[in-house]
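All remarks here apply to the structure that follows.
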Amino acid sequence: MESWLIYGKGGHAHVIADAILKKNNKAVIEYFDDSDCPYNPEFKSAVALIIGIGNNEVRQHISKTISHSFATIIHPSAQVANDVVIGEGTVVFANAVIQTGAVIGKHCIINANTTIDHDVTIEDFVSVYPGVYVGGGALISKGKTLDANQVVGRNSTI
């Protein structure tokens with residue numbers, strides 16, 4: 001049986017759980033946060049861990065505090081080109097499209113109904129809200145948030 005541990009118990013964590021269950025409806029999911037015990041608990045290495053916190057800065061702090069390998073979650077309805085590179089801890093939600101040549105960093109959130117066009121680079125700890133379009137060749141810098149329905153032009157740097 002596939003087991004998962006989600007760090008966080010809020011709305012974002014529940015959306016992650018839904019994406020996991022869409023891929024395997026028999027997966028066992030447990031939630032954890034700071035109220036349960038202090039940072040850096042001993043996790044079983046066989047349990048897949050994902051940070052279910054939407055805040056970029058908090059996600060970054062947690063990722064540096066916990067010593068564990070992190071999972072990557074891609075919703076089954078997302079369309080991701082074969083050569084896309086996605087860093088650990090990143091989540092890609094329903095109906096997102098990531099085109100060829102894109103590189104997505106660690107612990108990013110690519111929300112539902114977004115389009116990341118060809119050859120885009122998204123650095124670590126970025127949140128891309130629903131409905132965003134990022135044009136080909138754009139660079140989204142570490143820790144940035146793209147608001148809902150935002151359009152980033154081709155070859156832009158944010």
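If you're wondering about the labels, chains in the structure tokens are A, B, ... by order shown, residues count from 1 in each chain, ligands from 1 in order shown.
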**Request:** Excluding Ala102 (chain A) and any residue of its chain fewer than 4 positions from it, enumerate the residues within 12 Å of it, using only C-alpha atoms, and give them as a ChimeraX atom specification.
**Result:** /A:80-87,97-98,115-123,134-140
**Request:** Give the strand (DSSP E) residues of region 55-130 of chain A, as assigned by DSSP on the backbone, as a ChimeraX atom specification.
**Result:** /A:73-74,79-80,85-86,91-92,97-98,103-104,109-110,115-116,121-122,127-128
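For Lys144 (chain A), the list of residues within 8 Å, based on only C-alpha atoms and with local chain neighbours fewer than 6 positions off taken out, reads A:Asn56, A:Phe125, A:Val126, A:Ser127, A:Ile158.
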With C-alpha atoms retained, write the just-selected residues as an mmCIF file, in the first residue's frame.
```cif
data_model
loop_
_atom_site.group_PDB
_atom_site.id
_atom_site.type_symbol
_atom_site.label_atom_id
_atom_site.label_comp_id
_atom_site.auth_asym_id
_atom_site.auth_seq_id
_atom_site.Cartn_x
_atom_site.Cartn_y
_atom_site.Cartn_z
ATOM 1 C CA ASN A 56 6.532 30.312 -0.255
ATOM 2 C CA PHE A 125 9.660 28.072 -4.083
ATOM 3 C CA VAL A 126 7.453 29.780 -6.675
ATOM 4 C CA SER A 127 3.636 29.757 -6.510
ATOM 5 C CA ILE A 158 9.832 38.312 -13.012
#
```
**Request:** List the neighbours of Ile109 (chain A) out to 6 Å using only C-alpha atoms; skip same-chain residues closer than 4 positions along the sequence, and give me the result as number ranges by chain.
**Result:** A: 90-91, 127-128
Output of the above residues as an mmCIF file, in the first residue's frame, restricted to C-alpha atoms:
```cif
data_model
loop_
_atom_site.group_PDB
_atom_site.id
_atom_site.type_symbol
_atom_site.label_atom_id
_atom_site.label_comp_id
_atom_site.auth_asym_id
_atom_site.auth_seq_id
_atom_site.Cartn_x
_atom_site.Cartn_y
_atom_site.Cartn_z
ATOM 1 C CA THR A 90 6.815 20.479 -6.486
ATOM 2 C CA VAL A 91 3.100 19.970 -7.053
ATOM 3 C CA SER A 127 3.636 29.757 -6.510
ATOM 4 C CA VAL A 128 1.712 29.974 -9.768
#
```
**Message:** At a cut-off of 9 Å, using only C-alpha atoms, what residues contact Arg59 (chain A)? Leave out same-chain residues fewer than 6 positions from it and give the result as a ChimeraX atom specification.
**Reply:** /A:51-53,107,125
Based on the selection just made, write C-alpha atoms of those residues as a short mmCIF file (atom, residue, chain, number, x, y, z; two decimals), in the first residue's frame.
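Saved result, part-v6.cif, follows:
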```cif
data_model
loop_
_atom_site.label_atom_id
_atom_site.label_comp_id
_atom_site.auth_asym_id
_atom_site.auth_seq_id
_atom_site.Cartn_x
_atom_site.Cartn_y
_atom_site.Cartn_z
CA ILE A 51 4.98 20.10 2.05
CA GLY A 52 1.34 21.17 1.92
CA ILE A 53 1.91 24.81 2.85
CA HIS A 107 8.93 23.05 -3.89
CA PHE A 125 9.66 28.07 -4.08
#
```
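Considering only C-alpha atoms, the residue among A:Ile66, A:Val103, A:Ala48, A:Ala78 positioned nearest to Ala27 (chain A) is A:Ala48.
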**Prompt:** Near Val92 (chain A), within 7 Å and counting only C-alpha atoms, which residues show up once chain neighbours fewer than 5 positions away are dropped, as a PyMOL selection string?
**Reply:** chain A and resi 73-75+109-111
With C-alpha atoms retained, write the just-selected residues as a PDB file, in the first residue's frame.
```pdb
ATOM      1  CA  ILE A  73       3.028  15.300  -7.240  1.00  0.00           C
ATOM      2  CA  ILE A  74       1.577  15.644 -10.745  1.00  0.00           C
ATOM      3  CA  HIS A  75      -2.214  15.463 -11.046  1.00  0.00           C
ATOM      4  CA  ILE A 109       3.142  25.121  -6.751  1.00  0.00           C
ATOM      5  CA  ILE A 110       1.773  24.988 -10.295  1.00  0.00           C
ATOM      6  CA  ASN A 111      -1.942  25.469  -9.747  1.00  0.00           C
TER       7      ASN A 111
END
```
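Closest approach to Ala96 (chain A) from the set A:Ile16, A:Val132, A:Ile6, A:Ile62 is made by A:Val132, with distances taken over only C-alpha atoms.
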**Request:** Rank nothing, just name the residue among A:Ser63, A:Asn24, A:Asn55, A:Ser3 nearest to Thr145 (chain A), using only C-alpha atoms.
**Result:**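 Nearest candidate to Thr145 (chain A) out of A:Ser63, A:Asn24, A:Asn55, A:Ser3: A:Asn55.
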**Backbone-only DSSP, helix (DSSP H, G or I) members of region 2-157 of chain A, as a list in words** =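 Taking region 2-157 of chain A and keeping helix (DSSP H, G or I) only, one gets Gly11, His12, Ala13, His14, Val15, Ile16, Ala17, Asp18, Ala19, Ile20, Leu21, Lys22, Lys23, Asn56, Glu57, Val58, Arg59, Gln60, His61, Ile62, Ser63, Lys64 and Thr65 of chain A.
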Keeping only N, CA, C and O atoms, write the selected residues to a file as an mmCIF file, in the first residue's frame.
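Wrote part29.cif, looks like this:
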```
data_model
loop_
_atom_site.group_PDB
_atom_site.id
_atom_site.type_symbol
_atom_site.label_atom_id
_atom_site.label_comp_id
_atom_site.auth_asym_id
_atom_site.auth_seq_id
_atom_site.Cartn_x
_atom_site.Cartn_y
_atom_site.Cartn_z
ATOM 1 N N GLY A 11 -6.075 23.944 3.446
ATOM 2 C CA GLY A 11 -6.662 23.746 2.126
ATOM 3 C C GLY A 11 -5.686 23.241 1.086
ATOM 4 O O GLY A 11 -6.001 22.337 0.305
ATOM 5 N N HIS A 12 -4.481 23.815 1.051
ATOM 6 C CA HIS A 12 -3.482 23.384 0.068
ATOM 7 C C HIS A 12 -3.119 21.914 0.284
ATOM 8 O O HIS A 12 -3.007 21.143 -0.677
ATOM 9 N N ALA A 13 -2.980 21.525 1.537
ATOM 10 C CA ALA A 13 -2.667 20.117 1.851
ATOM 11 C C ALA A 13 -3.768 19.192 1.355
ATOM 12 O O ALA A 13 -3.494 18.106 0.837
ATOM 13 N N HIS A 14 -5.010 19.615 1.464
ATOM 14 C CA HIS A 14 -6.125 18.775 1.023
ATOM 15 C C HIS A 14 -6.193 18.661 -0.507
ATOM 16 O O HIS A 14 -6.580 17.624 -1.041
ATOM 17 N N VAL A 15 -5.791 19.729 -1.205
ATOM 18 C CA VAL A 15 -5.742 19.659 -2.671
ATOM 19 C C VAL A 15 -4.645 18.691 -3.106
ATOM 20 O O VAL A 15 -4.812 17.915 -4.055
ATOM 21 N N ILE A 16 -3.521 18.701 -2.388
ATOM 22 C CA ILE A 16 -2.458 17.732 -2.665
ATOM 23 C C ILE A 16 -2.966 16.312 -2.445
ATOM 24 O O ILE A 16 -2.742 15.427 -3.271
ATOM 25 N N ALA A 17 -3.664 16.099 -1.336
ATOM 26 C CA ALA A 17 -4.212 14.769 -1.046
ATOM 27 C C ALA A 17 -5.145 14.314 -2.156
ATOM 28 O O ALA A 17 -5.107 13.148 -2.572
ATOM 29 N N ASP A 18 -5.970 15.209 -2.662
ATOM 30 C CA ASP A 18 -6.874 14.854 -3.752
ATOM 31 C C ASP A 18 -6.098 14.424 -4.991
ATOM 32 O O ASP A 18 -6.460 13.439 -5.651
ATOM 33 N N ALA A 19 -5.016 15.132 -5.316
ATOM 34 C CA ALA A 19 -4.198 14.759 -6.480
ATOM 35 C C ALA A 19 -3.585 13.377 -6.287
ATOM 36 O O ALA A 19 -3.533 12.571 -7.224
ATOM 37 N N ILE A 20 -3.141 13.083 -5.063
ATOM 38 C CA ILE A 20 -2.585 11.759 -4.772
ATOM 39 C C ILE A 20 -3.652 10.690 -4.960
ATOM 40 O O ILE A 20 -3.418 9.657 -5.604
ATOM 41 N N LEU A 21 -4.835 10.947 -4.422
ATOM 42 C CA LEU A 21 -5.915 9.951 -4.499
ATOM 43 C C LEU A 21 -6.444 9.774 -5.919
ATOM 44 O O LEU A 21 -6.952 8.706 -6.252
ATOM 45 N N LYS A 22 -6.327 10.795 -6.756
ATOM 46 C CA LYS A 22 -6.724 10.654 -8.162
ATOM 47 C C LYS A 22 -5.807 9.663 -8.879
ATOM 48 O O LYS A 22 -6.217 8.979 -9.794
ATOM 49 N N LYS A 23 -4.551 9.595 -8.445
ATOM 50 C CA LYS A 23 -3.603 8.656 -9.039
ATOM 51 C C LYS A 23 -3.730 7.271 -8.427
ATOM 52 O O LYS A 23 -3.501 6.272 -9.087
ATOM 53 N N ASN A 56 5.211 30.628 0.305
ATOM 54 C CA ASN A 56 6.532 30.312 -0.255
ATOM 55 C C ASN A 56 7.642 30.334 0.786
ATOM 56 O O ASN A 56 8.502 29.449 0.811
ATOM 57 N N GLU A 57 7.645 31.358 1.645
ATOM 58 C CA GLU A 57 8.705 31.490 2.637
ATOM 59 C C GLU A 57 8.641 30.374 3.675
ATOM 60 O O GLU A 57 9.668 29.826 4.082
ATOM 61 N N VAL A 58 7.437 30.040 4.108
ATOM 62 C CA VAL A 58 7.270 28.965 5.092
ATOM 63 C C VAL A 58 7.685 27.628 4.483
ATOM 64 O O VAL A 58 8.372 26.828 5.117
ATOM 65 N N ARG A 59 7.283 27.391 3.236
ATOM 66 C CA ARG A 59 7.669 26.152 2.544
ATOM 67 C C ARG A 59 9.184 26.040 2.459
ATOM 68 O O ARG A 59 9.753 24.967 2.679
ATOM 69 N N GLN A 60 9.843 27.146 2.153
ATOM 70 C CA GLN A 60 11.301 27.132 2.063
ATOM 71 C C GLN A 60 11.920 26.825 3.429
ATOM 72 O O GLN A 60 12.837 26.003 3.524
ATOM 73 N N HIS A 61 11.427 27.460 4.481
ATOM 74 C CA HIS A 61 11.959 27.220 5.825
ATOM 75 C C HIS A 61 11.802 25.749 6.214
ATOM 76 O O HIS A 61 12.741 25.128 6.705
ATOM 77 N N ILE A 62 10.622 25.200 5.985
ATOM 78 C CA ILE A 62 10.365 23.797 6.347
ATOM 79 C C ILE A 62 11.286 22.871 5.563
ATOM 80 O O ILE A 62 11.858 21.933 6.113
ATOM 81 N N SER A 63 11.460 23.147 4.267
ATOM 82 C CA SER A 63 12.283 22.261 3.433
ATOM 83 C C SER A 63 13.738 22.222 3.906
ATOM 84 O O SER A 63 14.416 21.215 3.733
ATOM 85 N N LYS A 64 14.195 23.304 4.505
ATOM 86 C CA LYS A 64 15.571 23.356 4.999
ATOM 87 C C LYS A 64 15.700 22.783 6.406
ATOM 88 O O LYS A 64 16.809 22.497 6.854
ATOM 89 N N THR A 65 14.576 22.642 7.089
ATOM 90 C CA THR A 65 14.579 22.173 8.466
ATOM 91 C C THR A 65 14.431 20.663 8.561
ATOM 92 O O THR A 65 14.997 20.034 9.443
#
```
